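Asks: Next up is a structure, given as structure tokens.
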Amino acid sequence: MRSTKNHIARAILCGLAVFPWISIGPARAADVPSFVQNGTFKVCTAGEFPPMEFYEKPGDKALVGFEIDVAEALARQWGAKTDYVVGDFKGLLPSLDSQRCDAVISGITLRPERLQKYDGIAYFKTSIVMVTAAGDSEPRTPEDLSGKTVAVEAGTSFEPTLAALNATFAKAGRPEAVLQPYPSAAAVIQQILVGRAAATITLDTTAAYRMAQTPGRLQMPYAYADKEFYAIYLRKDVGDRNAVRAGLEALQADGRMQDILKKWNLSPQAVEIDGVAAR
């Protein structure tokens, strides 16, 4: 939970771009995950967490976003094509279990409880922020959420964070926050915009994007202190984990990752693969 500057994330280009990157040779067999041997990289995503992954317009069939471009770059590096399996956030890891996809890439943070069952490669720094309607003088901090309605995306790590906050309210004899879960991040933000909820907590990248898309209607009055990481989740396999990490490191080493960050107006210092900053 962090009190640092928030990334101002806003999509500046539409559609999937083809960058004029210098062509590189095919990856070595040892650097190609076993799950793409058939030439397809299947990715589970919720598809509505801009600027990480989203549909730019209603009815669009092609996903865009920072993590979509990362997935596409990894697939090209492995000589594969991407296939996106889109569903509710809370169903993404179960879909990985059932082998409907090879990886979950969906603005999902690295969590110890998730690592008990899955491999996770952290690669992008972010932080949790509280979002409220612009002009609201309260709440300003999570402690101000006592007795207020708080919207939260179902299946995310924000649910236990808010449950722990309610436990502190109960212990102090204060009214608990009324938690209202919704199936998508977009639905959560809508509750703030229409006044059905006083606040939500989310990640700074998507909060900044939503603020840019709705000028003057949202604010981020509070940032938690601890650093968070977006991660790529896989079924447990040491070889596959090493191959995905090597793929990310290759994107960082030759500048392709920086091109993608620049495209989506994200901080060039945001990428830390397994918590290690680029040198």
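The chains in the structure tokens are called A, B, ... from first to last as shown; in each chain the residues are counted from 1, and the ligands are counted from 1 in the order shown.
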Taking only residues of segment 10-124 of chain A that have an atom at most 8 Å from an atom of segment 231-241 of chain A, what is each one's shortest atom pair and its distance in Å to one decimal, using only C-alpha atoms, in chain and number order, as a Markdown table?
Replies:
```
| residue | atom | partner | partner_atom | distance |
| --- | --- | --- | --- | --- |
| A:Val32 | CA | A:Asp240 | CA | 7.6 |
| A:Pro33 | CA | A:Asp240 | CA | 4.6 |
| A:Ser34 | CA | A:Asp240 | CA | 6.3 |
| A:Phe35 | CA | A:Asp240 | CA | 7.7 |
| A:Leu96 | CA | A:Arg235 | CA | 6.9 |
| A:Asp97 | CA | A:Arg235 | CA | 7.1 |
| A:Asp102 | CA | A:Leu234 | CA | 6.5 |
| A:Ala103 | CA | A:Leu234 | CA | 4.9 |
| A:Val104 | CA | A:Tyr233 | CA | 5.1 |
| A:Ile105 | CA | A:Ile232 | CA | 5.3 |
| A:Gly107 | CA | A:Ala231 | CA | 7.4 |
| A:Ile108 | CA | A:Ala231 | CA | 5.9 |
| A:Thr109 | CA | A:Ala231 | CA | 5.5 |
| A:Leu110 | CA | A:Ala231 | CA | 5.5 |
| A:Lys117 | CA | A:Lys236 | CA | 7.3 |
| A:Tyr118 | CA | A:Arg235 | CA | 5.2 |
| A:Asp119 | CA | A:Lys236 | CA | 5.0 |
| A:Gly120 | CA | A:Tyr233 | CA | 4.4 |
| A:Ile121 | CA | A:Ala231 | CA | 5.1 |
| A:Ala122 | CA | A:Ala231 | CA | 4.1 |
| A:Tyr123 | CA | A:Ala231 | CA | 5.9 |
| A:Phe124 | CA | A:Ala231 | CA | 7.1 |
```
Asks: Take the selection from the previous step and output its residues with C-alpha atoms, as an mmCIF file, in the first residue's frame.
Replies:
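Printed below is again26.cif as written:
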```cif
data_model
loop_
_atom_site.group_PDB
_atom_site.id
_atom_site.type_symbol
_atom_site.label_atom_id
_atom_site.label_comp_id
_atom_site.auth_asym_id
_atom_site.auth_seq_id
_atom_site.Cartn_x
_atom_site.Cartn_y
_atom_site.Cartn_z
ATOM 1 C CA VAL A 32 10.096 -22.031 -25.949
ATOM 2 C CA PRO A 33 7.431 -23.086 -23.414
ATOM 3 C CA SER A 34 6.069 -26.579 -23.858
ATOM 4 C CA PHE A 35 2.528 -25.243 -24.163
ATOM 5 C CA LEU A 96 -5.986 -22.274 -16.438
ATOM 6 C CA ASP A 97 -6.582 -25.330 -14.238
ATOM 7 C CA ASP A 102 -1.751 -21.646 -21.246
ATOM 8 C CA ALA A 103 -1.424 -18.450 -19.219
ATOM 9 C CA VAL A 104 -3.473 -15.847 -17.373
ATOM 10 C CA ILE A 105 -2.536 -12.291 -18.392
ATOM 11 C CA GLY A 107 -3.969 -7.220 -14.754
ATOM 12 C CA ILE A 108 -3.627 -9.926 -12.100
ATOM 13 C CA THR A 109 -1.292 -9.293 -9.192
ATOM 14 C CA LEU A 110 1.255 -11.619 -7.651
ATOM 15 C CA LYS A 117 -1.058 -23.568 -6.827
ATOM 16 C CA TYR A 118 0.364 -21.705 -9.833
ATOM 17 C CA ASP A 119 3.646 -20.363 -11.128
ATOM 18 C CA GLY A 120 3.641 -16.572 -11.364
ATOM 19 C CA ILE A 121 6.177 -14.293 -13.033
ATOM 20 C CA ALA A 122 5.984 -10.733 -11.716
ATOM 21 C CA TYR A 123 6.992 -8.163 -14.288
ATOM 22 C CA PHE A 124 5.215 -4.798 -13.885
#
```
Asks: Please identify the strand (DSSP E) residues within segment 82-218 of chain A (assignment by DSSP from backbone atoms) and present them as a PyMOL selection string.
Replies: chain A and resi 82-86+103-104+118-126+128-133+149-153+178-182+200-203+218
Asks: If you run DSSP over the backbone, which residues in segment 27-119 of chain A end up helix (DSSP H, G or I)? Put them as JSON, numbers by chain.
Replies: {"A": [29, 30, 31, 34, 35, 36, 66, 67, 68, 69, 70, 71, 72, 73, 74, 75, 76, 77, 89, 90, 91, 92, 93, 94, 95, 96, 97, 112, 113, 114, 115]}
Asks: If you take only C-alpha atoms and a cut-off of 10 Å, which residues of segment 125-197 of chain A touch segment 37-47 of chain A, and what are their nearest atom pairs and distances in Å to one decimal, in chain and number order, as a Markdown table?
Replies:
```
| residue | atom | partner | partner_atom | distance |
| --- | --- | --- | --- | --- |
| A:Pro183 | CA | A:Ala46 | CA | 9.8 |
| A:Ser184 | CA | A:Ala46 | CA | 8.0 |
| A:Ala185 | CA | A:Ala46 | CA | 9.4 |
```
Asks: I need the chosen residues saved as a CSV table (one decimal), in the first residue's frame, with all heavy atoms.
Replies:
```
chain,number,residue,atom,x,y,z
A,183,PRO,N,-19.0,-8.1,-11.3
A,183,PRO,CA,-18.2,-9.1,-12.1
A,183,PRO,C,-17.1,-8.4,-12.9
A,183,PRO,O,-16.2,-9.2,-13.4
A,183,PRO,CB,-19.2,-9.7,-13.1
A,183,PRO,CG,-20.3,-8.6,-13.2
A,183,PRO,CD,-20.4,-8.0,-11.9
A,184,SER,N,-17.1,-7.1,-13.1
A,184,SER,CA,-16.0,-6.5,-13.9
A,184,SER,C,-15.6,-5.2,-13.3
A,184,SER,O,-16.3,-4.5,-12.5
A,184,SER,CB,-16.5,-6.2,-15.3
A,184,SER,OG,-17.5,-5.2,-15.3
A,185,ALA,N,-14.3,-4.8,-13.7
A,185,ALA,CA,-13.8,-3.5,-13.2
A,185,ALA,C,-14.6,-2.3,-13.7
A,185,ALA,O,-14.8,-1.3,-13.1
A,185,ALA,CB,-12.3,-3.4,-13.6
```
Asks: With a distance cut-off of 10 Å and only C-alpha atoms, select the neighbouring residues of Val271 of chain A, excluding the residue or stretch itself and same-chain residues fewer than 3 positions from it, and output the selection as a ChimeraX atom specification.
Replies: /A:122-126,229-230,248,252,257-258,261,266-268,274-278
Asks: Just want the 6 Å neighbourhood of Ser146 of chain A, counted on only C-alpha atoms, with same-chain residues fewer than 2 positions away dropped. Output as a PDB file with C-alpha atoms, in the first residue's frame.
Replies:
```pdb
ATOM      1  CA  ASP A 144     -13.098   6.737   6.228  1.00  0.00           C
ATOM      2  CA  LYS A 148     -20.047   3.449   3.476  1.00  0.00           C
ATOM      3  CA  PRO A 175     -19.810   0.194  11.368  1.00  0.00           C
ATOM      4  CA  GLU A 176     -18.379  -2.010   8.649  1.00  0.00           C
ATOM      5  CA  ALA A 177     -18.221  -0.922   5.032  1.00  0.00           C
TER       6      ALA A 177
END
```
Asks: Which residues are close to Val194 of chain A, i.e. within 12 Å by only C-alpha atoms, leaving aside same-chain residues fewer than 6 positions away? Reply as a PyMOL selection string.
Replies: chain A and resi 132-134+151+187-188+217-218
Asks: Output N, CA and C atoms for every residue in the selection just made, as a PDB file, in the first residue's frame.
Replies:
```pdb
ATOM      1  N   THR A 132     -12.644   7.601  -5.785  1.00  0.00           N
ATOM      2  CA  THR A 132     -13.939   8.150  -5.380  1.00  0.00           C
ATOM      3  C   THR A 132     -14.408   9.123  -6.456  1.00  0.00           C
ATOM      4  N   ALA A 133     -15.614   9.610  -6.309  1.00  0.00           N
ATOM      5  CA  ALA A 133     -16.121  10.626  -7.231  1.00  0.00           C
ATOM      6  C   ALA A 133     -15.382  11.933  -7.011  1.00  0.00           C
ATOM      7  N   ALA A 134     -15.064  12.609  -8.104  1.00  0.00           N
ATOM      8  CA  ALA A 134     -14.383  13.899  -7.999  1.00  0.00           C
ATOM      9  C   ALA A 134     -15.242  14.875  -7.204  1.00  0.00           C
ATOM     10  N   ALA A 151     -17.782  -0.505  -3.770  1.00  0.00           N
ATOM     11  CA  ALA A 151     -17.865  -1.452  -4.882  1.00  0.00           C
ATOM     12  C   ALA A 151     -16.523  -2.153  -5.035  1.00  0.00           C
ATOM     13  N   ALA A 187     -17.835  -2.284 -14.359  1.00  0.00           N
ATOM     14  CA  ALA A 187     -19.070  -2.167 -13.581  1.00  0.00           C
ATOM     15  C   ALA A 187     -18.806  -1.508 -12.238  1.00  0.00           C
ATOM     16  N   VAL A 188     -17.641  -1.782 -11.649  1.00  0.00           N
ATOM     17  CA  VAL A 188     -17.288  -1.164 -10.368  1.00  0.00           C
ATOM     18  C   VAL A 188     -17.169   0.351 -10.515  1.00  0.00           C
ATOM     19  N   ARG A 217     -14.465  13.625 -13.284  1.00  0.00           N
ATOM     20  CA  ARG A 217     -15.510  12.859 -12.598  1.00  0.00           C
ATOM     21  C   ARG A 217     -14.974  11.898 -11.530  1.00  0.00           C
ATOM     22  N   LEU A 218     -13.685  11.591 -11.570  1.00  0.00           N
ATOM     23  CA  LEU A 218     -13.106  10.655 -10.612  1.00  0.00           C
ATOM     24  C   LEU A 218     -11.851  11.267  -9.998  1.00  0.00           C
TER      25      LEU A 218
END
```
Asks: Provide the atom CA of Ala199 of chain A to atom CA of Gln213 of chain A distance in Å, to one decimal place.
Replies: 17.8 Å
Asks: Find, counting only C-alpha atoms, the residue in A:Asp204, A:Asp226, A:Asp136, A:Asp88 that gets nearest to Pro50 of chain A.
Replies: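 Residue with the minimum atom-to-atom distance to Pro50 of chain A: A:Asp204.
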Asks: Which is closer to Ala172 of chain A than all the others in A:Glu72, A:Glu67, A:Asp259, A:Glu143, using only C-alpha atoms?
Replies: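 Of all the options, A:Glu143 lies closest to Ala172 of chain A.
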Asks: Pick the closest to Arg111 of chain A from A:Phe158, A:Phe66, A:Trp78, A:Phe89: which is it, counting only C-alpha atoms?
Replies: A:Phe158
Asks: Using only C-alpha atoms, which residue out of A:Tyr222, A:Tyr182, A:Tyr209, A:Phe169 lies closest to Glu53 of chain A?
Replies: A:Tyr209
